[in-house]
Every structure is written in structure tokens, then in C-alpha cells.
file final-v5.cif (mmCIF, C-alpha atoms and all ligand atoms)
data_data
loop_
_atom_site.group_PDB
_atom_site.id
_atom_site.type_symbol
_atom_site.label_atom_id
_atom_site.label_comp_id
_atom_site.auth_asym_id
_atom_site.auth_seq_id
_atom_site.Cartn_x
_atom_site.Cartn_y
_atom_site.Cartn_z
ATOM 1 C CA MET W 283 0.000 0.000 0.000
ATOM 2 C CA ASN W 284 1.183 3.482 -0.733
ATOM 3 C CA LEU W 285 0.887 6.397 1.651
ATOM 4 C CA PHE W 286 -2.451 7.565 0.194
ATOM 5 C CA GLU W 287 -4.004 4.138 0.611
ATOM 6 C CA ILE W 288 -2.629 3.698 4.104
ATOM 7 C CA VAL W 289 -4.115 7.008 5.185
ATOM 8 C CA LYS W 290 -7.448 6.476 3.432
ATOM 9 C CA TYR W 291 -7.914 3.069 4.986
ATOM 10 C CA GLY W 292 -6.444 4.053 8.319
ATOM 11 C CA VAL W 293 -8.192 7.340 9.070
ATOM 12 C CA SER W 294 -11.884 8.063 8.698
ATOM 13 C CA CYS W 295 -13.033 11.555 7.725
ATOM 14 C CA ARG W 296 -14.839 11.740 11.001
ATOM 15 C CA ASP W 297 -11.693 10.934 13.045
ATOM 16 C CA ALA W 298 -9.691 13.482 11.099
ATOM 17 C CA ALA W 299 -12.393 16.165 11.386
ATOM 18 C CA GLU W 300 -12.672 15.716 15.134
ATOM 19 C CA ARG W 301 -8.933 15.620 15.638
ATOM 20 C CA TYR W 302 -8.602 18.899 13.776
ATOM 21 C CA GLY W 303 -11.305 20.605 15.781
ATOM 22 C CA VAL W 304 -14.335 20.093 13.543
ATOM 23 C CA GLU W 305 -17.028 18.765 15.797
ATOM 24 C CA VAL W 306 -19.237 16.166 14.127
ATOM 25 C CA ASN W 307 -22.676 15.704 15.649
ATOM 26 C CA ARG W 308 -24.623 12.485 15.947
ATOM 27 C CA TYR W 309 -26.222 13.062 12.562
ATOM 28 C CA SER W 310 -22.710 13.069 11.063
ATOM 29 C CA MET W 311 -23.045 16.811 10.371
ATOM 30 C CA ALA W 312 -20.549 19.524 11.234
ATOM 31 C CA LEU W 313 -20.046 23.228 10.808
ATOM 32 C CA CYS W 314 -18.237 23.460 7.474
ATOM 33 C CA PRO W 315 -14.708 24.859 7.946
ATOM 34 C CA PHE W 316 -14.563 25.758 4.241
ATOM 35 C CA HIS W 317 -17.179 28.466 4.240
ATOM 36 C CA ASN W 318 -18.758 30.698 6.869
ATOM 37 C CA ASP W 319 -21.186 28.094 8.152
ATOM 38 C CA ARG W 320 -23.776 28.928 10.821
ATOM 39 C CA HIS W 321 -25.708 25.686 10.736
ATOM 40 C CA PRO W 322 -24.001 22.342 10.227
ATOM 41 C CA SER W 323 -23.880 21.854 6.443
ATOM 42 C CA LEU W 324 -20.948 19.503 6.231
ATOM 43 C CA TYR W 325 -21.825 15.856 5.997
ATOM 44 C CA VAL W 326 -18.950 13.752 7.321
ATOM 45 C CA ALA W 327 -19.019 10.064 6.448
ATOM 46 C CA ASP W 328 -16.248 7.602 7.197
ATOM 47 C CA ASP W 329 -14.775 7.713 3.698
ATOM 48 C CA HIS W 330 -15.853 11.101 2.362
ATOM 49 C CA TYR W 331 -17.255 14.495 3.263
ATOM 50 C CA TYR W 332 -19.632 16.793 1.451
ATOM 51 C CA CYS W 333 -20.842 20.287 2.190
ATOM 52 C CA PHE W 334 -24.426 20.935 1.189
ATOM 53 C CA ALA W 335 -23.848 24.692 1.262
ATOM 54 C CA CYS W 336 -20.545 25.287 -0.513
ATOM 55 C CA GLY W 337 -20.223 21.973 -2.303
ATOM 56 C CA GLU W 338 -16.763 21.215 -0.927
ATOM 57 C CA HIS W 339 -16.191 17.465 -0.965
ATOM 58 C CA GLY W 340 -13.568 14.744 -1.062
ATOM 59 C CA ASP W 341 -11.909 12.066 0.980
ATOM 60 C CA VAL W 342 -9.923 12.335 4.190
ATOM 61 C CA ILE W 343 -6.772 13.500 2.375
ATOM 62 C CA ASP W 344 -8.672 16.183 0.465
ATOM 63 C CA PHE W 345 -10.089 17.293 3.792
ATOM 64 C CA ALA W 346 -6.696 17.750 5.450
ATOM 65 C CA ALA W 347 -5.213 19.304 2.306
ATOM 66 C CA LYS W 348 -7.988 21.864 2.080
ATOM 67 C CA LEU W 349 -8.039 22.509 5.818
ATOM 68 C CA PHE W 350 -4.296 23.162 6.115
ATOM 69 C CA GLY W 351 -3.720 24.499 2.604
ATOM 70 C CA LEU W 352 -1.332 21.634 1.875
ATOM 71 C CA PRO W 353 -0.607 19.668 -1.285
ATOM 72 C CA LEU W 354 -2.247 16.231 -1.201
ATOM 73 C CA TYR W 355 0.950 14.328 -0.498
ATOM 74 C CA ALA W 356 1.890 16.613 2.376
ATOM 75 C CA ALA W 357 -1.641 16.303 3.748
ATOM 76 C CA ALA W 358 -1.362 12.510 3.638
ATOM 77 C CA GLN W 359 1.981 12.715 5.427
ATOM 78 C CA ARG W 360 0.488 14.929 8.094
ATOM 79 C CA LEU W 361 -2.445 12.539 8.628
ATOM 80 C CA ALA W 362 -0.080 9.569 8.774
ATOM 81 C CA ALA W 363 2.011 11.335 11.390
ATOM 82 C CA ASP W 364 -0.958 12.503 13.471
ATOM 83 C CA PHE W 365 -2.576 9.067 13.439
ATOM 84 C CA HIS W 366 0.691 7.148 13.873
ATOM 85 C CA LEU W 367 0.455 5.284 10.591
ATOM 86 C CA THR W 368 3.582 4.024 8.896
ATOM 87 C CA PRO W 369 4.117 1.898 5.777
ATOM 88 C CA ASP W 370 5.666 -0.757 8.008
ATOM 89 C CA LYS W 371 2.528 -0.886 10.099
ATOM 90 C CA PRO W 372 -0.384 -0.730 7.657
ATOM 91 C CA PRO W 373 -3.657 0.001 9.441
ATOM 92 C CA SER W 374 -5.361 -2.972 7.864
ATOM 93 C CA ALA W 375 -2.876 -5.310 9.512
ATOM 94 C CA ALA W 376 -3.222 -3.494 12.816
ATOM 95 C CA ALA W 377 -6.993 -3.556 12.547
ATOM 96 C CA LEU W 378 -6.927 -7.206 11.599
ATOM 97 C CA HIS W 379 -4.786 -7.962 14.583
ATOM 98 C CA ALA W 380 -7.203 -6.128 16.866
ATOM 99 C CA LYS W 381 -10.145 -8.030 15.437
ATOM 100 C CA CYS W 382 -8.322 -11.299 15.668
ATOM 101 C CA VAL W 383 -9.108 -11.656 19.332
ATOM 102 C CA GLN W 384 -8.542 -15.227 20.265
ATOM 103 C CA THR W 385 -11.982 -16.714 20.576
ATOM 104 C CA GLU W 386 -11.361 -19.853 22.518
ATOM 105 C CA ALA W 387 -13.500 -22.814 21.703
ATOM 106 C CA PRO W 388 -16.092 -23.323 24.405
ATOM 107 C CA ASP W 389 -15.048 -25.595 27.209
ATOM 108 C CA GLU W 390 -16.161 -29.107 26.372
ATOM 109 C CA ARG W 391 -17.809 -29.292 29.766
ATOM 110 C CA PHE W 392 -19.987 -26.368 28.719
ATOM 111 C CA ILE W 393 -21.025 -28.233 25.584
ATOM 112 C CA GLU W 394 -21.729 -31.309 27.644
ATOM 113 C CA ALA W 395 -23.811 -29.233 30.053
ATOM 114 C CA CYS W 396 -25.889 -27.776 27.212
ATOM 115 C CA HIS W 397 -26.382 -31.222 25.830
ATOM 116 C CA ASN W 398 -27.503 -32.590 29.184
ATOM 117 C CA LEU W 399 -29.741 -29.683 30.067
ATOM 118 C CA ASP W 400 -32.658 -30.767 27.869
ATOM 119 C CA GLN W 401 -32.588 -34.250 29.267
ATOM 120 C CA THR W 402 -32.325 -32.971 32.817
ATOM 121 C CA GLU W 403 -35.275 -30.644 32.343
ATOM 122 C CA TYR W 404 -37.282 -33.489 30.945
ATOM 123 C CA TYR W 405 -36.592 -35.636 34.015
ATOM 124 C CA LEU W 406 -37.101 -32.724 36.382
ATOM 125 C CA ASP W 407 -40.453 -32.125 34.778
ATOM 126 C CA ILE W 408 -41.510 -35.659 35.482
ATOM 127 C CA LEU W 409 -40.064 -35.659 38.998
ATOM 128 C CA CYS W 410 -41.764 -32.381 39.880
ATOM 129 C CA THR W 411 -45.100 -32.772 38.156
ATOM 130 C CA GLY W 412 -45.532 -36.437 37.410
ATOM 131 C CA ASP W 413 -47.551 -38.789 39.553
ATOM 132 C CA SER W 414 -45.844 -41.279 41.860
ATOM 133 C CA TYR W 415 -45.858 -43.992 39.238
ATOM 134 C CA GLU W 416 -44.117 -41.797 36.657
ATOM 135 C CA ARG W 417 -41.552 -40.637 39.189
ATOM 136 C CA ALA W 418 -40.779 -44.143 40.279
ATOM 137 C CA GLU W 419 -40.370 -45.121 36.674
ATOM 138 C CA VAL W 420 -37.796 -42.377 36.067
ATOM 139 C CA ILE W 421 -35.804 -43.320 39.147
ATOM 140 C CA GLN W 422 -35.935 -46.988 38.287
ATOM 141 C CA GLN W 423 -34.896 -46.347 34.731
ATOM 142 C CA GLN W 424 -31.969 -44.168 35.846
ATOM 143 C CA MET W 425 -30.804 -46.772 38.331
ATOM 144 C CA ALA W 426 -31.336 -49.682 35.963
ATOM 145 C CA ASP W 427 -29.121 -48.585 33.111
ATOM 146 C CA GLY W 428 -26.438 -47.309 35.476
ATOM 147 C CA GLU W 429 -27.079 -43.707 34.499
ATOM 148 C CA LEU W 430 -26.801 -42.442 38.063
ATOM 149 C CA ASP W 431 -23.497 -44.256 38.575
ATOM 150 C CA ARG W 432 -22.223 -42.865 35.311
ATOM 151 C CA LEU W 433 -23.277 -39.365 36.374
ATOM 152 C CA ARG W 434 -21.553 -39.720 39.724
ATOM 153 C CA ARG W 435 -18.323 -40.872 38.104
ATOM 154 C CA ARG W 436 -18.539 -38.042 35.583
ATOM 155 C CA LEU W 437 -19.024 -35.461 38.337
ATOM 156 C CA GLU W 438 -16.043 -36.830 40.252
ATOM 157 C CA LYS W 439 -13.940 -36.635 37.106
ATOM 158 C CA ILE W 440 -15.063 -33.051 36.432
ATOM 159 C CA HIS W 441 -14.243 -32.066 39.993
ATOM 160 C CA LYS W 442 -10.770 -33.564 39.612
ATOM 161 C CA GLU W 443 -10.276 -31.701 36.332
ATOM 162 C CA GLU W 444 -11.382 -28.472 37.930
ATOM 163 C CA ILE W 445 -8.815 -28.814 40.673
ATOM 164 C CA GLU W 446 -6.119 -29.509 38.071
ATOM 165 C CA ASP W 447 -7.266 -26.511 36.034
ATOM 166 C CA GLY W 448 -7.295 -24.300 39.098
ATOM 167 C CA TYR W 449 -11.054 -23.743 38.970
ATOM 168 C CA ASP W 450 -11.451 -24.933 42.511
ATOM 169 C CA THR W 451 -10.793 -21.892 44.649
ATOM 170 C CA ALA W 452 -11.545 -23.546 47.976
ATOM 171 C CA ASP W 453 -8.013 -24.937 48.258
ATOM 172 C CA VAL W 454 -6.309 -21.780 47.054
ATOM 173 C CA ALA W 455 -7.468 -19.634 49.937
HETATM 174 ZN ZN ZN C 1 -19.143 24.396 3.194
#

call {"tool": "encode", "arguments": {"input": "final-v5.cif", "output": "C-alpha cells", "more": "lines below"}}
Ligand SMILES: [Zn+2]
result
Amino acid sequence: MNLFEIVKYGVSCRDAAERYGVEVNRYSMALCPFHNDRHPSLYVADDHYYCFACGEHGDVIDFAAKLFGLPLYAAAQRLAADFHLTPDKPPSAAALHAKCVQTEAPDERFIEACHNLDQTEYYLDILCTGDSYERAEVIQQQMADGELDRLRRRLEKIHKEEIEDGYDTADVA
């Protein structure tokens, strides 16, 4: 990327306007610095600006050039300096890096919990609202296929894992 591209991608018109003292309101309008503006006539988008009164328009580099009376290249240099952009550190790479926040895969225990929640609610429903026969059936079924034993072993294993992972704070204190 050349300097113009780096600045265009790295600095929005709005950021530049505000940095150079042009206050942009929440409707993206500002008092136009290019004519004697009494009501905000300057529309400031991210990638361009346009004045409805005097017709001045352009991108962020045009903005700085016009504002400071600089040639375009000098305006781009000034923006690069003010916003700490260098060819070695293109903004797209920096922005990418910022967006590339490590999203860790969910803990497998969380997935397991989600998976088990439906089933648990189903059984809870029966245990809470079912008649005695239905409740007995659930308990019997859970005991019969060793589900309760399996659950107990699983919980013990999870507890052990938590201690290894440092989740268990009881011992730390
Ligand atoms: Zn204007």
C-alpha cells in the first residue's frame, strides 16, 4: 500500500475532522470549515465528506489538504504522522490484529452441560409434576441402566479436572 491508501484506509473523515477541531454531531453533520457556516452543512461520512452549502467534498486527504492548505501528499503525510500510521505498520494489519481476538473454543464441559440440560429438564419435569408412578419409573430407569453411577463418576472426574485446572478456589485460599 502506498501512503495515500494507508491514510485512506487508516483514518476516517470523522476521526480526522474531530482531531482537527471540527465537531461532528450524531447526525454526522458539522459546521463546514470551508465556508462561513452557521448551521451544520458539512456531511462527514467515514470515507468522504460533502458540504451541502458550498459543495466542498472529497476524501480524508482532500479534507486535510484543504483545511491546512497543503498539497495532497503533504496532507497525507500529516495525517499519517498525526494518526501514527507508517508503511511498516499498515492500518489494515493493525486492525486485523485487533479483530483477531482469540476466541477460545467453548469448554467441552460447557457443551456437555448444554447437551444434558434438555434431558435434565425433561426428568425434572416428570419428577416435579408427574404422579408417583411416573416418578418411580424415572428413578428406576436411571438406576437400571447405570445412568446415576455414570453421572456420579462423571461429576467426580469433572471435579478432579477443575482442581487440576485451578477452577477450585476452595483450596487456594
Ligand atoms: Zn461548506

call {"tool": "closest_residue", "arguments": {"input": "final-v5.cif", "among": "W:Thr402, W:Ser294, W:Ser310, W:Asn318", "to": "ligand ZN 1 (chain C)", "atoms": "all atoms listed in the file"}}
result
W:Asn318

call {"tool": "residues_near_ligand", "arguments": {"input": "final-v5.cif", "ligand": "ligand ZN 1 (chain C)", "cutoff": "8 Å", "atoms": "all atoms listed in the file", "output": "list in words"}}
result
Leu313, Cys314, Pro315, Phe316, His317, Asn318, Asp319, Ser323, Leu324, Tyr332, Cys333, Phe334, Ala335, Cys336, Gly337 and Glu338 of chain W

call {"tool": "closest_residue", "arguments": {"input": "final-v5.cif", "among": "W:Leu406, W:Ala346, W:Ala395, W:Ala358", "to": "Arg436 (chain W)", "atoms": "only C-alpha atoms"}}
result
W:Ala395

call {"tool": "axis_aligned_box", "arguments": {"input": "final-v5.cif", "around": "region 351-360 of chain W", "padding_each_side": "8 Å", "output": "JSON"}}
result
{"center_x": -0.9, "center_y": 18.5, "center_z": 3.4, "size_x": 21.7, "size_y": 28.0, "size_z": 25.4}

call {"tool": "atom_distance", "arguments": {"input": "final-v5.cif", "atom1": "CA of Leu349 (chain W)", "atom2": "CA of Tyr302 (chain W)"}}
result
8.8 Å

call {"tool": "residues_around", "arguments": {"input": "final-v5.cif", "residues": "region 418-424 of chain W", "least_positions_apart": "6", "cutoff": "10 Å", "atoms": "only C-alpha atoms", "output": "compact mmCIF listing (two decimals) with C-alpha atoms, keeping the file's coordinate frame"}}
result
# COMPACT_ATOMS: atom_id res chain seq x y z
CA TYR W 405 -36.59 -35.64 34.02
CA LEU W 406 -37.10 -32.72 36.38
CA ILE W 408 -41.51 -35.66 35.48
CA LEU W 409 -40.06 -35.66 39.00
CA GLY W 412 -45.53 -36.44 37.41
CA LEU W 430 -26.80 -42.44 38.06
CA ASP W 431 -23.50 -44.26 38.58
CA ARG W 432 -22.22 -42.86 35.31
CA LEU W 433 -23.28 -39.36 36.37

call {"tool": "atom_distance", "arguments": {"input": "final-v5.cif", "atom1": "CA of Arg360 (chain W)", "atom2": "CA of Asp297 (chain W)"}}
result
13.7 Å

call {"tool": "residues_around", "arguments": {"input": "final-v5.cif", "residues": "Leu285 (chain W)", "least_positions_apart": "3", "cutoff": "8 Å", "atoms": "all atoms listed in the file", "output": "list of chain:residue names"}}
result
W:Ile288, W:Val289, W:Ala358, W:Gln359, W:Ala362, W:Pro369

call {"tool": "atom_distance", "arguments": {"input": "final-v5.cif", "atom1": "CA of Ala298 (chain W)", "atom2": "CA of Arg320 (chain W)"}}
result
20.9 Å

call {"tool": "resolve_selection", "arguments": {"input": "final-v5.cif", "expression": "the PyMOL selection byres (((chain W and resi 343) around 9) and not hetatm)", "output": "list in words"}}
result
Phe286, Val289, Lys290, Cys295, Gly340, Asp341, Val342, Asp344, Phe345, Ala346, Ala347, Lys348, Leu354, Tyr355, Ala357, Ala358 and Leu361 of chain W

call {"tool": "write_last_selection", "arguments": {"input": "final-v5.cif", "atoms": "C-alpha atoms", "output": "mmCIF file, in the frame of the given file"}}
result
data_model
loop_
_atom_site.group_PDB
_atom_site.id
_atom_site.type_symbol
_atom_site.label_atom_id
_atom_site.label_comp_id
_atom_site.auth_asym_id
_atom_site.auth_seq_id
_atom_site.Cartn_x
_atom_site.Cartn_y
_atom_site.Cartn_z
ATOM 1 C CA PHE W 286 -2.451 7.565 0.194
ATOM 2 C CA VAL W 289 -4.115 7.008 5.185
ATOM 3 C CA LYS W 290 -7.448 6.476 3.432
ATOM 4 C CA CYS W 295 -13.033 11.555 7.725
ATOM 5 C CA GLY W 340 -13.568 14.744 -1.062
ATOM 6 C CA ASP W 341 -11.909 12.066 0.980
ATOM 7 C CA VAL W 342 -9.923 12.335 4.190
ATOM 8 C CA ASP W 344 -8.672 16.183 0.465
ATOM 9 C CA PHE W 345 -10.089 17.293 3.792
ATOM 10 C CA ALA W 346 -6.696 17.750 5.450
ATOM 11 C CA ALA W 347 -5.213 19.304 2.306
ATOM 12 C CA LYS W 348 -7.988 21.864 2.080
ATOM 13 C CA LEU W 354 -2.247 16.231 -1.201
ATOM 14 C CA TYR W 355 0.950 14.328 -0.498
ATOM 15 C CA ALA W 357 -1.641 16.303 3.748
ATOM 16 C CA ALA W 358 -1.362 12.510 3.638
ATOM 17 C CA LEU W 361 -2.445 12.539 8.628
#

call {"tool": "closest_residue", "arguments": {"input": "final-v5.cif", "among": "W:Glu287, W:Asp447, W:Glu394, W:Glu438", "to": "Thr368 (chain W)", "atoms": "all atoms listed in the file"}}
result
W:Glu287

call {"tool": "closest_residue", "arguments": {"input": "final-v5.cif", "among": "W:Ile445, W:Met425, W:Leu352, W:Leu367", "to": "Val293 (chain W)", "atoms": "only C-alpha atoms"}}
result
W:Leu367
